[in-house]
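Below is one structure, written out as structure tokens; comments come after it.
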Amino acid sequence: MKVIAIGINHSGTTLVRTLSHLSKQDKKDIKIVAYDRNDNISFLGCGIALWVGGEISKPDGLFYATPELLQSEGIEVHMKHELLAVNNKEKKVLIKNLETNEEFFDTYDKLVIGVGTWPIIPSIPGLKNDDGTVSAGVNIVKLFQHAKQIKAIIDNSAIKNVVVVGAGYIGIELVEAFSHNNKKVTLIDIEDRIMPRYYDEEFTTPVQQSMEKAGVIIRTDEVVKEFIKENGIVTKVITDKNEYAVDMVLWAVGFNTETKILKDVVELGARGAIKTNSYFQTSDPDIYAIGDCVAVHNNATKENANIALATTAVRTGLVTAFNIVRDNSLTSPGFQAANAISVFGWKMAGVGVSETVAKMSQMDVDTVFFEDNDRPEFLEPHVKVKIKIVWEKASRKIIGAQIASKANHTEVIYMFSLAIMKGLTIDELPLVDIFFLPHFNKPYNFVTLAGLKALGMDYFHQSVDENNNN
């Protein structure tokens, strides 16, 4: 059997390495051929801010695999090769060598599509050049090449005023990195607060306050209308309320899937995401799809959606490899979109849906928000922890959780991710066997107490507070 993989970043790297391992383990003759239009693989984009901000001196650690590693495992790797078309009736793909411009066909028994996403670049005056690329002075962030450009610009002392458009994870992380480099940073977003779909207001407000204390200018509820150029370089950003002089703009407003050429090949869903079954087969059973370009099953919403996270991508590659080698024997357990961020002193994580997203989706939910110290008050240090849990009113099943602290308690989200996947109810949460040791937590810790508060039993917390005050 011959398997062709298109796209070998996070999902594709996991796919081909797992295919290689399993085929040897099962003693199956599988030829693995991988194509990617980039010149590098496995770049951890979530670590860009660490490099740009100077927390790490070199980007080498942001790669966990190389084309040479894949080749050493028996995988045929072709970098700087782009997919032009798929003929699924004849089971062949048209590939272009981007270095020589040569075009050629390659045949497959199984095809795996992992073409990923690309930043949204709308038609705002001055944002794009005639050829569709972003204007000079504007930077997008996706690839290692983009990270190198941003790093070089930020290291330039002549760059003083930076505008970041987009208050999602990438935007916030790079705002902090630019701030660490002593730049005057203005953050603009169309929404009324930062990270509005990841976290509810109880969590975003203190982060915004920390950002403003660090000198970041936050301009929410503003819409970018135009980019003004001088000598072909963007020097001013115009919104519906203000105008900002800039030396550099970072554009980080979201992404679209890269699936247009597959429109008449496999079935596509919302935003062009490829529809798959629980084995990650597309509407063509000999074509699988993995990574950011796929609509996966969200266990929190019970719907299929695009969850563009490296962890999601890796697991789609893993499941698909098993199913190619072992004849569709492993179904996907679904996904919960667990995620985290560490910015401006705050360690935060979330999973499932926030109350904001639940209400936008017209889900009938209840929530509990709780704040407490992470350790007994007689021990120093003890640090405040914020936690919020979202559950369905009808089933009582937990469908979301958020946590934030100046200390790191993000690993609590692992438990809530499993809780969502397995259908744990809010009533069962206080009965989860959570250990106690004063060095680490309280007899009734912030997870247990949040669950008890949800059940109207917050007198446990009140009695503890009263004893501490006596």
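Ordered as shown in the structure tokens, chains take letters A, B, and onward, while each chain numbers its residues from 1 and ligands are numbered from 1 in the order shown.
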Query raised in the report: Which neighbours of Glu90 (chain A) fall inside 10 Å, counting only C-alpha atoms, when residues of the same chain fewer than 3 positions from it are skipped, and could you give them as a list in words?
Result: Val86, Asn87, Val93, Thr107 and Tyr108 of chain A
Write a file of the just-selected residues containing N, CA and C atoms, as a PDB file, in the first residue's frame.
ATOM      1  N   VAL A  86      -6.308  17.242  -6.911  1.00  0.00           N
ATOM      2  CA  VAL A  86      -6.518  15.845  -6.561  1.00  0.00           C
ATOM      3  C   VAL A  86      -7.508  15.241  -7.546  1.00  0.00           C
ATOM      4  N   ASN A  87      -7.112  14.152  -8.179  1.00  0.00           N
ATOM      5  CA  ASN A  87      -8.009  13.382  -9.046  1.00  0.00           C
ATOM      6  C   ASN A  87      -8.324  12.088  -8.307  1.00  0.00           C
ATOM      7  N   VAL A  93      -2.458  12.665  -7.477  1.00  0.00           N
ATOM      8  CA  VAL A  93      -2.361  14.080  -7.106  1.00  0.00           C
ATOM      9  C   VAL A  93      -1.392  14.785  -8.045  1.00  0.00           C
ATOM     10  N   THR A 107       0.732   8.824  -7.623  1.00  0.00           N
ATOM     11  CA  THR A 107      -0.441   7.998  -7.359  1.00  0.00           C
ATOM     12  C   THR A 107      -0.443   7.508  -5.914  1.00  0.00           C
ATOM     13  N   TYR A 108      -1.627   7.173  -5.440  1.00  0.00           N
ATOM     14  CA  TYR A 108      -1.765   6.729  -4.050  1.00  0.00           C
ATOM     15  C   TYR A 108      -2.801   5.621  -3.929  1.00  0.00           C
TER      16      TYR A 108
END
For region 341-358 of chain A, work out the shell of residues within 7 Å, counting only C-alpha atoms and skipping chain neighbours fewer than 6 positions away, then give it as an mmCIF file with N, CA and C atoms, in the first residue's frame.
data_model
loop_
_atom_site.group_PDB
_atom_site.id
_atom_site.type_symbol
_atom_site.label_atom_id
_atom_site.label_comp_id
_atom_site.auth_asym_id
_atom_site.auth_seq_id
_atom_site.Cartn_x
_atom_site.Cartn_y
_atom_site.Cartn_z
ATOM 1 N N GLU A 173 -0.125 37.292 23.267
ATOM 2 C CA GLU A 173 1.228 36.803 23.549
ATOM 3 C C GLU A 173 2.293 37.717 22.943
ATOM 4 N N GLU A 176 2.718 41.072 24.751
ATOM 5 C CA GLU A 176 3.631 40.968 25.887
ATOM 6 C C GLU A 176 5.082 40.935 25.420
ATOM 7 N N ARG A 197 -13.786 34.807 23.518
ATOM 8 C CA ARG A 197 -14.368 33.474 23.356
ATOM 9 C C ARG A 197 -13.634 32.408 24.162
ATOM 10 N N TYR A 198 -12.428 32.726 24.583
ATOM 11 C CA TYR A 198 -11.682 31.778 25.407
ATOM 12 C C TYR A 198 -12.095 31.864 26.878
ATOM 13 N N TYR A 199 -12.299 33.109 27.347
ATOM 14 C CA TYR A 199 -12.533 33.319 28.782
ATOM 15 C C TYR A 199 -13.668 34.304 28.998
ATOM 16 N N ASP A 200 -14.340 34.123 30.130
ATOM 17 C CA ASP A 200 -15.385 35.064 30.516
ATOM 18 C C ASP A 200 -14.768 36.288 31.180
ATOM 19 N N VAL A 207 -6.589 40.456 33.587
ATOM 20 C CA VAL A 207 -5.475 40.417 32.630
ATOM 21 C C VAL A 207 -5.337 41.767 31.943
ATOM 22 N N SER A 210 -3.619 44.143 34.196
ATOM 23 C CA SER A 210 -2.179 43.899 34.237
ATOM 24 C C SER A 210 -1.496 44.426 32.981
ATOM 25 N N MET A 211 -2.153 44.288 31.845
ATOM 26 C CA MET A 211 -1.594 44.791 30.595
ATOM 27 C C MET A 211 -1.469 46.308 30.629
ATOM 28 N N ALA A 300 -18.044 19.144 23.962
ATOM 29 C CA ALA A 300 -18.753 20.124 24.788
ATOM 30 C C ALA A 300 -20.024 20.614 24.108
ATOM 31 N N VAL A 390 -18.917 25.477 33.817
ATOM 32 C CA VAL A 390 -20.147 25.620 33.031
ATOM 33 C C VAL A 390 -20.756 24.237 32.850
ATOM 34 N N ILE A 399 -19.613 21.084 30.785
ATOM 35 C CA ILE A 399 -19.230 21.309 29.382
ATOM 36 C C ILE A 399 -18.157 22.387 29.237
ATOM 37 N N GLY A 400 -17.699 22.948 30.362
ATOM 38 C CA GLY A 400 -16.654 23.960 30.259
ATOM 39 C C GLY A 400 -16.060 24.303 31.602
ATOM 40 N N ALA A 401 -14.806 24.751 31.574
ATOM 41 C CA ALA A 401 -14.145 25.205 32.801
ATOM 42 C C ALA A 401 -13.035 26.178 32.432
ATOM 43 N N GLN A 402 -12.781 27.107 33.346
ATOM 44 C CA GLN A 402 -11.694 28.081 33.189
ATOM 45 C C GLN A 402 -10.984 28.221 34.527
ATOM 46 N N ILE A 403 -9.699 28.466 34.481
ATOM 47 C CA ILE A 403 -8.929 28.663 35.707
ATOM 48 C C ILE A 403 -7.860 29.703 35.463
ATOM 49 N N ALA A 404 -7.565 30.507 36.488
ATOM 50 C CA ALA A 404 -6.537 31.546 36.361
ATOM 51 C C ALA A 404 -5.935 31.836 37.727
ATOM 52 N N SER A 405 -4.635 32.081 37.728
ATOM 53 C CA SER A 405 -3.937 32.415 38.964
ATOM 54 C C SER A 405 -2.579 33.005 38.608
ATOM 55 N N LYS A 406 -1.964 33.673 39.579
ATOM 56 C CA LYS A 406 -0.583 34.100 39.406
ATOM 57 C C LYS A 406 0.358 32.902 39.611
ATOM 58 N N ALA A 407 -0.136 31.867 40.307
ATOM 59 C CA ALA A 407 0.583 30.594 40.411
ATOM 60 C C ALA A 407 0.070 29.675 39.296
ATOM 61 N N ASN A 408 0.813 28.604 39.024
ATOM 62 C CA ASN A 408 0.413 27.715 37.943
ATOM 63 C C ASN A 408 -0.475 26.590 38.458
ATOM 64 N N THR A 410 -2.793 25.385 36.037
ATOM 65 C CA THR A 410 -3.445 25.083 34.752
ATOM 66 C C THR A 410 -3.690 23.598 34.547
ATOM 67 N N ILE A 413 -7.077 21.721 34.401
ATOM 68 C CA ILE A 413 -7.886 21.624 33.191
ATOM 69 C C ILE A 413 -7.815 20.227 32.581
ATOM 70 N N SER A 417 -11.084 18.385 31.234
ATOM 71 C CA SER A 417 -11.164 17.877 29.862
ATOM 72 C C SER A 417 -11.671 16.441 29.864
#
Requested in this report: Find the residues near region 218-225 of chain A: any atom within 6 Å, counting only C-alpha atoms, skip ones fewer than 6 places away on the same chain, and give them as number ranges by chain.
Outcome: A: 186-193, 238-240
How about saving the chosen residues, C-alpha atoms kept, as an mmCIF file, in the first residue's frame?
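Resulting contents of out36.cif:
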data_model
loop_
_atom_site.group_PDB
_atom_site.id
_atom_site.type_symbol
_atom_site.label_atom_id
_atom_site.label_comp_id
_atom_site.auth_asym_id
_atom_site.auth_seq_id
_atom_site.Cartn_x
_atom_site.Cartn_y
_atom_site.Cartn_z
ATOM 1 C CA THR A 186 -1.418 49.514 21.154
ATOM 2 C CA LEU A 187 -3.848 46.593 20.958
ATOM 3 C CA ILE A 188 -6.952 47.001 18.789
ATOM 4 C CA ASP A 189 -9.893 44.618 18.613
ATOM 5 C CA ILE A 190 -13.448 44.774 17.340
ATOM 6 C CA GLU A 191 -14.763 42.958 20.440
ATOM 7 C CA ASP A 192 -15.451 44.677 23.777
ATOM 8 C CA ARG A 193 -12.666 42.818 25.649
ATOM 9 C CA ILE A 238 -7.166 54.341 10.904
ATOM 10 C CA THR A 239 -10.080 52.959 12.942
ATOM 11 C CA ASP A 240 -13.687 54.064 13.302
#
Query raised in the report: Near region 271-274 of chain A, counting only C-alpha atoms, which residues have an atom at most 6 Å away, once you skip same-chain residues fewer than 6 positions from it, shown as a list in words?
Result: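 In the requested format, the answer is Thr257, Cys293, Val294 and Ala295 of chain A.
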Suppose we keep C-alpha atoms; can you now write the selection as a short mmCIF file (atom, residue, chain, number, x, y, z; two decimals), in the first residue's frame?
data_model
loop_
_atom_site.label_atom_id
_atom_site.label_comp_id
_atom_site.auth_asym_id
_atom_site.auth_seq_id
_atom_site.Cartn_x
_atom_site.Cartn_y
_atom_site.Cartn_z
CA THR A 257 -8.79 26.66 6.09
CA CYS A 293 -8.33 21.87 8.12
CA VAL A 294 -10.75 19.32 9.64
CA ALA A 295 -14.03 19.77 11.49
#
Counting only C-alpha atoms, which residues of region 247-318 of chain A sit at most 8 Å from some atom of region 111-115 of chain A, and what is each one's closest atom pair with its distance in Å to one decimal, listed by chain and rising residue number, as a Markdown table?
| residue | atom | partner | partner_atom | distance |
| --- | --- | --- | --- | --- |
| A:Thr257 | CA | A:Val115 | CA | 7.9 |
| A:Glu258 | CA | A:Val115 | CA | 6.0 |
| A:Thr259 | CA | A:Val115 | CA | 7.2 |
| A:Asp286 | CA | A:Leu111 | CA | 6.4 |
| A:Ile287 | CA | A:Leu111 | CA | 4.7 |
| A:Tyr288 | CA | A:Val112 | CA | 4.6 |
| A:Ala289 | CA | A:Ile113 | CA | 4.6 |
| A:Ile290 | CA | A:Gly114 | CA | 5.1 |
| A:Gly291 | CA | A:Gly114 | CA | 5.7 |
| A:Asp292 | CA | A:Gly114 | CA | 7.5 |
| A:Cys293 | CA | A:Val115 | CA | 6.4 |
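Atom to atom, CA of Leu19 (chain A) and CA of Val325 (chain A) stand 6.9 Å apart.
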Query raised in the report: Looking at A:Leu437, A:Ala313, A:Val3, A:Ala308, which one is nearest to Lys92 (chain A), with distances taken over only C-alpha atoms?
Result: A:Val3
**Report entry** Shell around Thr312 (chain A) at 12 Å using only C-alpha atoms, local window under 6 positions removed, as a list in words
**Finding:**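 Answer for this query is His10, Ser11, Thr14, Ile290, Gly291, Asp292, Cys293, Val294, Ala295, Val296, His297, Asn298, Ala305, Asn306, Leu318, Val319, Ser332, Pro333, Gly334, Phe335, Gln336, Ala337, Ala338 and Asn339 of chain A.
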List every residue of region 201-245 of chain A that has an atom at most 9 Å from any atom of region 121-134 of chain A, and for each one report the closest atom pair and its distance in Å to one decimal, counting only C-alpha atoms, with rows sorted by chain and then by increasing residue number, as a tab-separated table.
residue	atom	partner	partner_atom	distance
A:Val224	CA	A:Ile124	CA	8.0
A:Lys225	CA	A:Ile124	CA	6.4
A:Glu226	CA	A:Pro125	CA	5.0
A:Phe227	CA	A:Gly126	CA	4.6
A:Ile228	CA	A:Gly126	CA	6.1
A:Lys229	CA	A:Gly126	CA	7.0
A:Val234	CA	A:Gly126	CA	7.6
Query raised in the report: Nearest to Gln362 (chain A): which of A:Ile140, A:Val385, A:Glu392, A:Leu424 is it, counting only C-alpha atoms?
Result: A:Glu392
